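Visitor: Below is start39.pdb; it holds PDB, C-alpha atoms.
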```pdb
ATOM      1  CA  MET A 527       0.000   0.000   0.000
ATOM      2  CA  GLU A 528       2.832   2.371   0.888
ATOM      3  CA  ASN A 529       4.583   1.766  -2.446
ATOM      4  CA  GLN A 530       1.316   2.367  -4.299
ATOM      5  CA  GLU A 531       0.817   5.733  -2.560
ATOM      6  CA  LYS A 532       4.407   6.705  -3.345
ATOM      7  CA  SER A 533       3.997   5.886  -7.043
ATOM      8  CA  GLU A 534       0.844   8.003  -7.150
ATOM      9  CA  GLU A 535       2.612  10.966  -5.558
ATOM     10  CA  GLN A 536       5.697  10.763  -7.797
ATOM     11  CA  GLN A 537       5.608  10.980 -11.579
ATOM     12  CA  GLU A 538       8.298  10.641 -14.217
ATOM     13  CA  PHE A 539       8.898  13.089 -17.055
ATOM     14  CA  LYS A 540      11.150  12.880 -20.103
ATOM     15  CA  GLY A 541      13.017  15.510 -22.071
ATOM     16  CA  LYS A 542      15.917  15.976 -24.469
ATOM     17  CA  ASN A 543      17.817  17.553 -21.580
ATOM     18  CA  LEU A 544      17.230  18.403 -17.913
ATOM     19  CA  GLU A 545      15.628  21.765 -18.644
ATOM     20  CA  ASP A 546      13.263  20.179 -21.165
ATOM     21  CA  ALA A 547      12.255  17.502 -18.639
ATOM     22  CA  ILE A 548      11.571  20.121 -15.952
ATOM     23  CA  LEU A 549       9.474  22.173 -18.388
ATOM     24  CA  HIS A 550       7.530  19.013 -19.205
ATOM     25  CA  ALA A 551       6.896  18.435 -15.487
ATOM     26  CA  GLU A 552       5.759  22.047 -15.030
ATOM     27  CA  HIS A 553       3.318  21.679 -17.924
ATOM     28  CA  ILE A 554       1.786  18.404 -16.741
ATOM     29  CA  LEU A 555       1.712  19.219 -13.021
ATOM     30  CA  LYS A 556       0.526  22.809 -13.596
ATOM     31  CA  LEU A 557       3.148  23.927 -11.092
ATOM     32  CA  THR A 558       6.309  26.036 -11.156
ATOM     33  CA  ARG A 559       9.609  24.270 -10.510
ATOM     34  CA  ALA A 560       9.795  25.999  -7.137
ATOM     35  CA  GLU A 561       6.709  24.041  -6.072
ATOM     36  CA  PHE A 562       8.062  20.525  -6.627
ATOM     37  CA  ASN A 563      11.150  18.454  -5.919
ATOM     38  CA  TYR A 564      12.795  16.336  -8.589
ATOM     39  CA  GLU A 565      15.599  13.847  -9.090
ATOM     40  CA  ILE A 566      17.237  12.486 -12.233
ATOM     41  CA  VAL A 567      16.230   8.879 -12.835
ATOM     42  CA  THR A 568      18.138   8.215 -16.064
ATOM     43  CA  GLU A 569      20.288  10.207 -18.454
ATOM     44  CA  LYS A 570      21.262   8.487 -21.657
ATOM     45  CA  THR A 571      22.745   9.252 -25.051
ATOM     46  CA  ARG A 572      21.222   7.894 -28.230
ATOM     47  CA  LEU A 573      22.329   7.806 -31.862
ATOM     48  CA  PHE A 574      26.064   7.984 -31.162
ATOM     49  CA  GLY A 575      25.762  10.920 -28.816
ATOM     50  CA  ILE A 576      23.695  13.085 -31.137
ATOM     51  CA  SER A 577      20.735  13.351 -28.791
ATOM     52  CA  LYS A 578      20.087  12.796 -25.118
ATOM     53  CA  GLU A 579      17.107  11.743 -23.097
ATOM     54  CA  VAL A 580      16.745  12.720 -19.465
ATOM     55  CA  VAL A 581      14.109  11.217 -17.208
ATOM     56  CA  ILE A 582      13.291  12.912 -13.900
ATOM     57  CA  ARG A 583      11.005  11.921 -11.063
ATOM     58  CA  ALA A 584       9.034  14.838  -9.609
ATOM     59  CA  TRP A 585       6.845  15.211  -6.539
ATOM     60  CA  LEU A 586       5.048  18.048  -4.790
ATOM     61  CA  LYS A 587       6.930  19.900  -2.070
ATOM     62  CA  GLU A 588       5.423  19.906   1.381
ATOM     63  CA  ALA A 589       4.374  23.490   1.932
ATOM     64  CA  PRO A 590       4.971  24.792   5.455
ATOM     65  CA  PRO A 591       1.864  26.083   7.205
ATOM     66  CA  GLU A 592       1.203  29.795   6.726
ATOM     67  CA  ASP A 593       1.441  30.377  10.463
ATOM     68  CA  ALA A 594       4.645  28.343  10.949
ATOM     69  CA  ALA A 595       6.526  31.372  12.300
ATOM     70  CA  ALA A 596       3.754  32.292  14.734
ATOM     71  CA  ASP A 597       3.390  28.670  15.895
ATOM     72  CA  PHE A 598       7.124  28.469  16.566
ATOM     73  CA  LEU A 599       7.194  31.748  18.482
ATOM     74  CA  ASP A 600       4.136  30.847  20.571
ATOM     75  CA  LYS A 601       5.785  27.590  21.664
ATOM     76  CA  LEU A 602       9.178  29.213  22.191
ATOM     77  CA  LEU A 603       7.924  32.110  24.331
ATOM     78  CA  LYS A 604       6.176  29.709  26.717
ATOM     79  CA  VAL A 605       9.579  28.385  27.806
ATOM     80  CA  PHE A 606      11.725  31.408  26.926
ATOM     81  CA  PRO A 607      13.467  32.907  29.989
ATOM     82  CA  LEU A 608      12.601  36.424  28.803
ATOM     83  CA  GLU A 609       9.280  38.248  28.952
ATOM     84  CA  ILE A 610       8.803  39.010  25.272
ATOM     85  CA  SER A 611       5.794  39.635  23.045
ATOM     86  CA  TYR A 612       5.544  40.018  19.283
ATOM     87  CA  ARG A 613       3.287  41.125  16.450
ATOM     88  CA  VAL A 614       3.320  39.989  12.840
ATOM     89  CA  GLN A 615       2.543  41.876   9.644
ATOM     90  CA  ASN A 616       2.595  40.464   6.124
ATOM     91  CA  ARG A 617       3.537  43.112   3.569
ATOM     92  CA  GLY A 618       4.454  42.387  -0.019
ATOM     93  CA  GLY A 619       5.206  38.728   0.621
ATOM     94  CA  ILE A 620       7.547  39.514   3.543
ATOM     95  CA  LEU A 621       6.680  38.557   7.101
ATOM     96  CA  PHE A 622       7.635  41.369   9.488
ATOM     97  CA  VAL A 623       7.953  40.244  13.121
ATOM     98  CA  VAL A 624       8.323  43.059  15.665
ATOM     99  CA  PHE A 625       9.264  42.125  19.233
ATOM    100  CA  ASP A 626       8.245  44.021  22.355
ATOM    101  CA  GLY A 627       7.896  43.419  26.077
ATOM    102  CA  PRO A 628       9.729  44.174  29.352
ATOM    103  CA  ASP A 629      12.858  42.196  28.385
ATOM    104  CA  LYS A 630      13.072  43.344  24.774
ATOM    105  CA  GLN A 631      16.391  45.139  25.308
ATOM    106  CA  LEU A 632      18.079  41.791  25.946
ATOM    107  CA  LEU A 633      17.282  40.833  22.334
ATOM    108  CA  LEU A 634      19.540  43.702  21.279
ATOM    109  CA  TRP A 635      22.478  42.704  23.476
ATOM    110  CA  LYS A 636      25.815  42.336  21.639
ATOM    111  CA  ASP A 637      24.611  44.105  18.511
ATOM    112  CA  GLY A 638      21.353  42.181  18.305
ATOM    113  CA  GLN A 639      22.837  38.685  18.161
ATOM    114  CA  LEU A 640      19.790  37.036  19.738
ATOM    115  CA  LEU A 641      17.379  39.018  17.561
ATOM    116  CA  LEU A 642      19.236  38.050  14.384
ATOM    117  CA  ALA A 643      19.424  34.424  15.532
ATOM    118  CA  LEU A 644      15.633  34.378  15.830
ATOM    119  CA  GLN A 645      15.365  35.825  12.330
ATOM    120  CA  HIS A 646      17.642  33.082  10.978
ATOM    121  CA  ILE A 647      15.526  30.347  12.570
ATOM    122  CA  LEU A 648      12.241  31.878  11.412
ATOM    123  CA  ASN A 649      13.492  32.050   7.834
ATOM    124  CA  LYS A 650      14.352  28.355   7.997
ATOM    125  CA  ILE A 651      10.852  27.273   9.047
ATOM    126  CA  SER A 652       8.661  29.823   7.289
ATOM    127  CA  GLY A 653       7.455  29.644   3.706
ATOM    128  CA  GLU A 654       7.944  33.412   3.423
ATOM    129  CA  LYS A 655      10.916  35.690   3.920
ATOM    130  CA  VAL A 656      11.027  36.933   7.514
ATOM    131  CA  GLN A 657      12.453  40.200   8.830
ATOM    132  CA  VAL A 658      12.538  40.871  12.555
ATOM    133  CA  ASP A 659      12.850  44.146  14.411
ATOM    134  CA  CYS A 660      12.833  45.557  17.930
ATOM    135  CA  GLU A 661      13.125  49.169  19.058
ATOM    136  CA  PHE A 662      13.932  50.233  15.456
ATOM    137  CA  PHE A 663      17.035  48.050  15.587
ATOM    138  CA  ARG A 664      17.135  47.548  11.812
ATOM    139  CA  LYS A 665      16.914  51.259  11.046
ATOM    140  CA  ARG A 666      19.690  52.117  13.513
ATOM    141  CA  LYS A 667      21.901  49.235  12.387
ATOM    142  CA  GLU A 668      21.450  50.089   8.716
ATOM    143  CA  LYS A 669      22.452  53.701   9.407
ATOM    144  CA  LYS A 670      25.528  52.556  11.323
ATOM    145  CA  ILE A 671      26.654  50.215   8.540
ATOM    146  CA  ARG A 672      25.865  52.765   5.820
ATOM    147  CA  ASP A 673      27.873  55.478   7.603
ATOM    148  CA  TYR A 674      30.777  53.047   8.019
ATOM    149  CA  ALA A 675      30.695  52.103   4.321
ATOM    150  CA  LEU A 676      30.656  55.742   3.235
ATOM    151  CA  GLU A 677      33.552  56.529   5.579
ATOM    152  CA  VAL A 678      35.673  53.688   4.159
ATOM    153  CA  ALA A 679      34.766  54.674   0.591
ATOM    154  CA  GLY A 680      35.896  58.215   1.396
ATOM    155  CA  HIS A 681      39.258  56.946   2.645
ATOM    156  CA  VAL A 682      39.713  54.845  -0.488
ATOM    157  CA  ARG A 683      38.796  57.756  -2.725
ATOM    158  CA  GLN A 684      41.415  59.964  -1.058
ATOM    159  CA  SER A 685      44.221  57.414  -0.764
ATOM    160  CA  GLY A 686      43.602  55.412  -3.938
ATOM    161  CA  ARG A 687      44.209  52.217  -1.948
ATOM    162  CA  SER A 688      41.478  49.608  -1.609
ATOM    163  CA  GLU A 689      40.263  48.532   1.834
ATOM    164  CA  ILE A 690      38.676  45.311   3.067
ATOM    165  CA  THR A 691      35.970  45.201   5.726
ATOM    166  CA  ASP A 692      35.463  42.752   8.571
ATOM    167  CA  LEU A 693      33.311  39.666   8.027
ATOM    168  CA  MET A 694      29.663  40.497   7.332
ATOM    169  CA  ASN A 695      26.451  38.565   6.782
ATOM    170  CA  PRO A 696      24.417  38.962   3.541
ATOM    171  CA  TYR A 697      22.097  41.568   5.098
ATOM    172  CA  GLU A 698      25.053  43.744   6.147
ATOM    173  CA  ARG A 699      26.883  43.284   2.846
ATOM    174  CA  ARG A 700      23.862  44.404   0.878
ATOM    175  CA  ILE A 701      23.771  47.686   2.839
ATOM    176  CA  VAL A 702      27.474  48.278   2.150
ATOM    177  CA  HIS A 703      27.141  47.591  -1.578
ATOM    178  CA  ILE A 704      24.202  49.996  -1.893
ATOM    179  CA  ALA A 705      26.042  52.710   0.071
ATOM    180  CA  VAL A 706      29.251  52.403  -1.953
ATOM    181  CA  ASP A 707      27.219  52.633  -5.159
ATOM    182  CA  GLN A 708      26.251  56.154  -4.096
ATOM    183  CA  VAL A 709      29.883  57.320  -4.057
ATOM    184  CA  PRO A 710      31.068  58.367  -7.540
ATOM    185  CA  GLY A 711      34.020  56.355  -8.784
ATOM    186  CA  MET A 712      33.785  53.738  -6.036
ATOM    187  CA  ALA A 713      32.977  50.033  -6.343
ATOM    188  CA  SER A 714      32.716  47.040  -4.038
ATOM    189  CA  GLU A 715      32.780  43.250  -4.234
ATOM    190  CA  SER A 716      32.324  40.415  -1.752
ATOM    191  CA  LEU A 717      35.294  38.173  -1.019
ATOM    192  CA  GLY A 718      35.328  34.558   0.107
ATOM    193  CA  ASP A 719      32.806  31.775   0.410
ATOM    194  CA  GLY A 720      30.205  30.899   2.981
ATOM    195  CA  PHE A 721      27.626  32.854   4.919
ATOM    196  CA  LEU A 722      30.060  35.450   6.261
ATOM    197  CA  LYS A 723      32.221  37.325   3.767
ATOM    198  CA  ARG A 724      34.421  40.402   3.670
ATOM    199  CA  ILE A 725      33.901  43.284   1.255
ATOM    200  CA  LYS A 726      36.603  44.935  -0.821
ATOM    201  CA  ILE A 727      35.964  48.623  -1.471
ATOM    202  CA  PHE A 728      38.040  50.033  -4.318
ATOM    203  CA  ALA A 729      38.195  52.689  -7.020
ATOM    204  CA  ALA A 730      36.320  51.700 -10.168
ATOM    205  CA  GLY A 731      38.117  51.632 -13.515
ATOM    206  CA  ARG A 732      38.236  54.628 -15.769
ATOM    207  CA  ASP A 733      35.368  53.210 -17.769
ATOM    208  CA  GLY A 734      33.299  53.051 -14.595
ATOM    209  CA  LYS A 735      32.938  49.282 -14.799
ATOM    210  CA  ARG A 736      32.978  47.137 -11.681
ATOM    211  CA  THR A 737      35.166  44.128 -12.377
ATOM    212  CA  PRO A 738      34.541  41.385 -11.461
ATOM    213  CA  PRO A 739      30.758  41.822 -11.126
ATOM    214  CA  ARG A 740      29.463  41.735  -7.555
ATOM    215  CA  GLU A 741      27.336  38.956  -6.207
ATOM    216  CA  GLY A 742      23.630  39.571  -5.661
ATOM    217  CA  GLU A 743      23.135  39.884  -1.902
ATOM    218  CA  GLY A 744      19.867  38.789  -0.297
TER     219      GLY A 744
END
```
Would you mind giving the structure from this file in structure tokens?
Guide:
Amino acid sequence: MENQEKSEEQQEFKGKNLEDAILHAEHILKLTRAEFNYEIVTEKTRLFGISKEVVIRAWLKEAPPEDAAADFLDKLLKVFPLEISYRVQNRGGILFVVFDGPDKQLLLWKDGQLLLALQHILNKISGEKVQVDCEFFRKRKEKKIRDYALEVAGHVRQSGRSEITDLMNPYERRIVHIAVDQVPGMASESLGDGFLKRIKIFAAGRDGKRTPPREGEG
């Protein structure tokens, strides 16, 4: 019975290549590729390598409940050693979670480490992008990072020597890139791999091009 249910949930789709097979699955399932998982079943070459056939197996992703973030926070705050409350707003496909309560300042301790940790967890369990805030933390932090980026860009512009920032997360890097873009003749690029990266701020070429192109920060 279990195997029968599995075969009903998973379907196979063929194509001349992987992209063609995925498009076939989208057409038959009436879903976008973001809404289903897939794996390659077979990939073979026919007619002396002239054409390929790729077969994939696709199945519907399990969508997290719409109130996954709220459910998590309700359970967490029952055992949380801080007296914290929250409110949620959904604007433009982004879930904004604003924390309040008598112990809210402890969320902002050490540059908001606990607040940002909660945001990281909520983004893992929610089907929507989550942004958290408390006491206008985001606005103040963004101003601090933006001012820092503009100060470094000013130093680079005067000295002609590039500078490299400390390690930053994607949210912080995005603020730096946007700020540096506002300084004529300045450019920036992320360095390294992983979640935390440094940013190189340097003078753009005479043609104004930024080489190599920067990553897209989320």
Visitor: What gap, in Å, lies between CA of Ser716 in chain A and CA of Leu648 in chain A?
Guide: 25.5 Å
Visitor: Please compute the CA of Leu676 in chain A-CA of Asp707 in chain A distance, one decimal, in Å.
Guide: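 Going from CA of Leu676 in chain A over to CA of Asp707 in chain A, I get 9.6 Å.
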Visitor: Which residues come within 8 Å of Lys630 in chain A, counting all atoms listed in the file, excluding same-chain residues fewer than 5 positions away, as number ranges by chain?
Guide: A: 609-610, 625, 660
Visitor: Can you write out the residues you just picked, keeping C-alpha atoms, as a PDB file, in the frame of the given file?
Guide:
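Wrote result_24.pdb, looks like this:
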```pdb
ATOM      1  CA  GLU A 609       9.280  38.248  28.952  1.00  0.00           C
ATOM      2  CA  ILE A 610       8.803  39.010  25.272  1.00  0.00           C
ATOM      3  CA  PHE A 625       9.264  42.125  19.233  1.00  0.00           C
ATOM      4  CA  CYS A 660      12.833  45.557  17.930  1.00  0.00           C
TER       5      CYS A 660
END
```
Visitor: For the structure shown, which residues end up in the PyMOL selection byres ((chain A and resi 580) around 7)? Put them as a ChimeraX atom specification, please?
Guide: /A:540-544,547,568-570,578-579,581-582
Visitor: CA of Asp673 in chain A to CA of Thr691 in chain A: how many Å, to one decimal?
Guide: 13.2 Å
Visitor: Kindly resolve the PyMOL selection byres ((chain A and resi 555-563) around 10) on the present coordinates and return the residues as a short mmCIF file (atom, residue, chain, number, x, y, z; two decimals) with C-alpha atoms, in the coordinates of the input.
Guide:
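Produced file selection09.cif, reproduced below:
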```cif
data_model
loop_
_atom_site.label_atom_id
_atom_site.label_comp_id
_atom_site.auth_asym_id
_atom_site.auth_seq_id
_atom_site.Cartn_x
_atom_site.Cartn_y
_atom_site.Cartn_z
CA GLN A 536 5.70 10.76 -7.80
CA GLN A 537 5.61 10.98 -11.58
CA ILE A 548 11.57 20.12 -15.95
CA LEU A 549 9.47 22.17 -18.39
CA HIS A 550 7.53 19.01 -19.20
CA ALA A 551 6.90 18.43 -15.49
CA GLU A 552 5.76 22.05 -15.03
CA HIS A 553 3.32 21.68 -17.92
CA ILE A 554 1.79 18.40 -16.74
CA TYR A 564 12.80 16.34 -8.59
CA GLU A 565 15.60 13.85 -9.09
CA ILE A 582 13.29 12.91 -13.90
CA ARG A 583 11.00 11.92 -11.06
CA ALA A 584 9.03 14.84 -9.61
CA TRP A 585 6.84 15.21 -6.54
CA LEU A 586 5.05 18.05 -4.79
CA LYS A 587 6.93 19.90 -2.07
CA GLU A 588 5.42 19.91 1.38
CA ALA A 589 4.37 23.49 1.93
#
```
Visitor: Residues within 8 Å of Val658 in chain A, please, as a PyMOL selection string. Count all atoms listed in the file; anything in the same chain fewer than 3 positions from it doesn't count.
Guide: chain A and resi 622-625+641-642+644-645
Visitor: Take the selection from the previous step and output its residues with C-alpha atoms, as a compact mmCIF listing (two decimals), in the coordinates of the input.
Guide:
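Result saved to out.txt:
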```txt
# COMPACT_ATOMS: atom_id res chain seq x y z
CA PHE A 622 7.64 41.37 9.49
CA VAL A 623 7.95 40.24 13.12
CA VAL A 624 8.32 43.06 15.66
CA PHE A 625 9.26 42.12 19.23
CA LEU A 641 17.38 39.02 17.56
CA LEU A 642 19.24 38.05 14.38
CA LEU A 644 15.63 34.38 15.83
CA GLN A 645 15.36 35.83 12.33
```
Visitor: Is there a way to get, as a list in words, all residues within 10 Å of the point (32.2, 32.9, 9.8) in file coordinates, counting only C-alpha atoms?
Guide: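 Output of the proximity query reads Leu693, Met694, Asn695, Asp719, Gly720, Phe721, Leu722, Lys723 and Arg724 of chain A.
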Visitor: Selected by the PyMOL selection byres ((chain A and resi 619) around 12) in the shown coordinates: which residues, as an NGL selection string?
Guide: :A and (592 or 615-618 or 620-622 or 652-657)
Visitor: Since the input has fewer atoms than a full residue there, write range 603-633 of chain A out with N, CA and C atoms, as a compact mmCIF listing (two decimals), in the frame of the given file.
Guide:
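Saved the output as rebuild05.txt:
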```txt
# COMPACT_ATOMS: atom_id res chain seq x y z
N LEU A 603 8.09 31.10 23.27
CA LEU A 603 7.92 32.11 24.33
C LEU A 603 7.33 31.53 25.61
N LYS A 604 6.71 30.36 25.51
CA LYS A 604 6.18 29.71 26.72
C LYS A 604 7.30 29.23 27.63
N VAL A 605 8.45 28.89 27.01
CA VAL A 605 9.58 28.38 27.81
C VAL A 605 10.77 29.34 27.77
N PHE A 606 10.65 30.44 27.06
CA PHE A 606 11.72 31.41 26.93
C PHE A 606 11.95 32.10 28.26
N PRO A 607 13.20 32.28 28.69
CA PRO A 607 13.47 32.91 29.99
C PRO A 607 13.32 34.42 29.99
N LEU A 608 12.82 34.98 28.89
CA LEU A 608 12.60 36.42 28.80
C LEU A 608 11.12 36.70 28.60
N GLU A 609 10.68 37.84 29.13
CA GLU A 609 9.28 38.25 28.95
C GLU A 609 9.19 39.09 27.68
N ILE A 610 8.80 38.41 26.60
CA ILE A 610 8.80 39.01 25.27
C ILE A 610 7.44 38.78 24.61
N SER A 611 6.99 39.78 23.87
CA SER A 611 5.79 39.64 23.04
C SER A 611 6.16 39.98 21.61
N TYR A 612 5.25 39.72 20.69
CA TYR A 612 5.54 40.02 19.28
C TYR A 612 4.25 40.30 18.53
N ARG A 613 4.40 40.95 17.38
CA ARG A 613 3.29 41.12 16.45
C ARG A 613 3.81 40.86 15.04
N VAL A 614 2.93 40.39 14.18
CA VAL A 614 3.32 39.99 12.84
C VAL A 614 2.52 40.77 11.81
N GLN A 615 3.19 41.23 10.78
CA GLN A 615 2.54 41.88 9.64
C GLN A 615 3.08 41.26 8.36
N ASN A 616 2.20 41.01 7.42
CA ASN A 616 2.60 40.46 6.12
C ASN A 616 2.44 41.57 5.09
N ARG A 617 3.57 42.03 4.56
CA ARG A 617 3.54 43.11 3.57
C ARG A 617 4.39 42.73 2.37
N GLY A 618 3.73 42.66 1.22
CA GLY A 618 4.45 42.39 -0.02
C GLY A 618 5.17 41.05 -0.04
N GLY A 619 4.59 40.04 0.61
CA GLY A 619 5.21 38.73 0.62
C GLY A 619 6.31 38.57 1.65
N ILE A 620 6.54 39.58 2.48
CA ILE A 620 7.55 39.51 3.54
C ILE A 620 6.84 39.53 4.89
N LEU A 621 7.26 38.65 5.77
CA LEU A 621 6.68 38.56 7.10
C LEU A 621 7.52 39.41 8.05
N PHE A 622 6.93 40.48 8.55
CA PHE A 622 7.64 41.37 9.49
C PHE A 622 7.23 41.00 10.91
N VAL A 623 8.20 40.62 11.73
CA VAL A 623 7.95 40.24 13.12
C VAL A 623 8.62 41.30 14.01
N VAL A 624 7.81 42.00 14.78
CA VAL A 624 8.32 43.06 15.66
C VAL A 624 8.16 42.61 17.11
N PHE A 625 9.27 42.58 17.84
CA PHE A 625 9.26 42.12 19.23
C PHE A 625 9.12 43.30 20.19
N ASP A 626 8.47 43.01 21.31
CA ASP A 626 8.24 44.02 22.36
C ASP A 626 8.27 43.30 23.70
N GLY A 627 7.97 44.03 24.76
CA GLY A 627 7.90 43.42 26.08
C GLY A 627 8.96 43.94 27.03
N PRO A 628 8.81 43.65 28.33
CA PRO A 628 9.73 44.17 29.35
C PRO A 628 11.20 43.81 29.14
N ASP A 629 11.47 42.64 28.56
CA ASP A 629 12.86 42.20 28.38
C ASP A 629 13.37 42.38 26.95
N LYS A 630 12.72 43.22 26.19
CA LYS A 630 13.07 43.34 24.77
C LYS A 630 14.51 43.82 24.55
N GLN A 631 15.04 44.62 25.49
CA GLN A 631 16.39 45.14 25.31
C GLN A 631 17.44 44.03 25.28
N LEU A 632 17.13 42.90 25.94
CA LEU A 632 18.08 41.79 25.95
C LEU A 632 18.20 41.15 24.56
N LEU A 633 17.19 41.32 23.71
CA LEU A 633 17.28 40.83 22.33
C LEU A 633 18.33 41.61 21.55
```
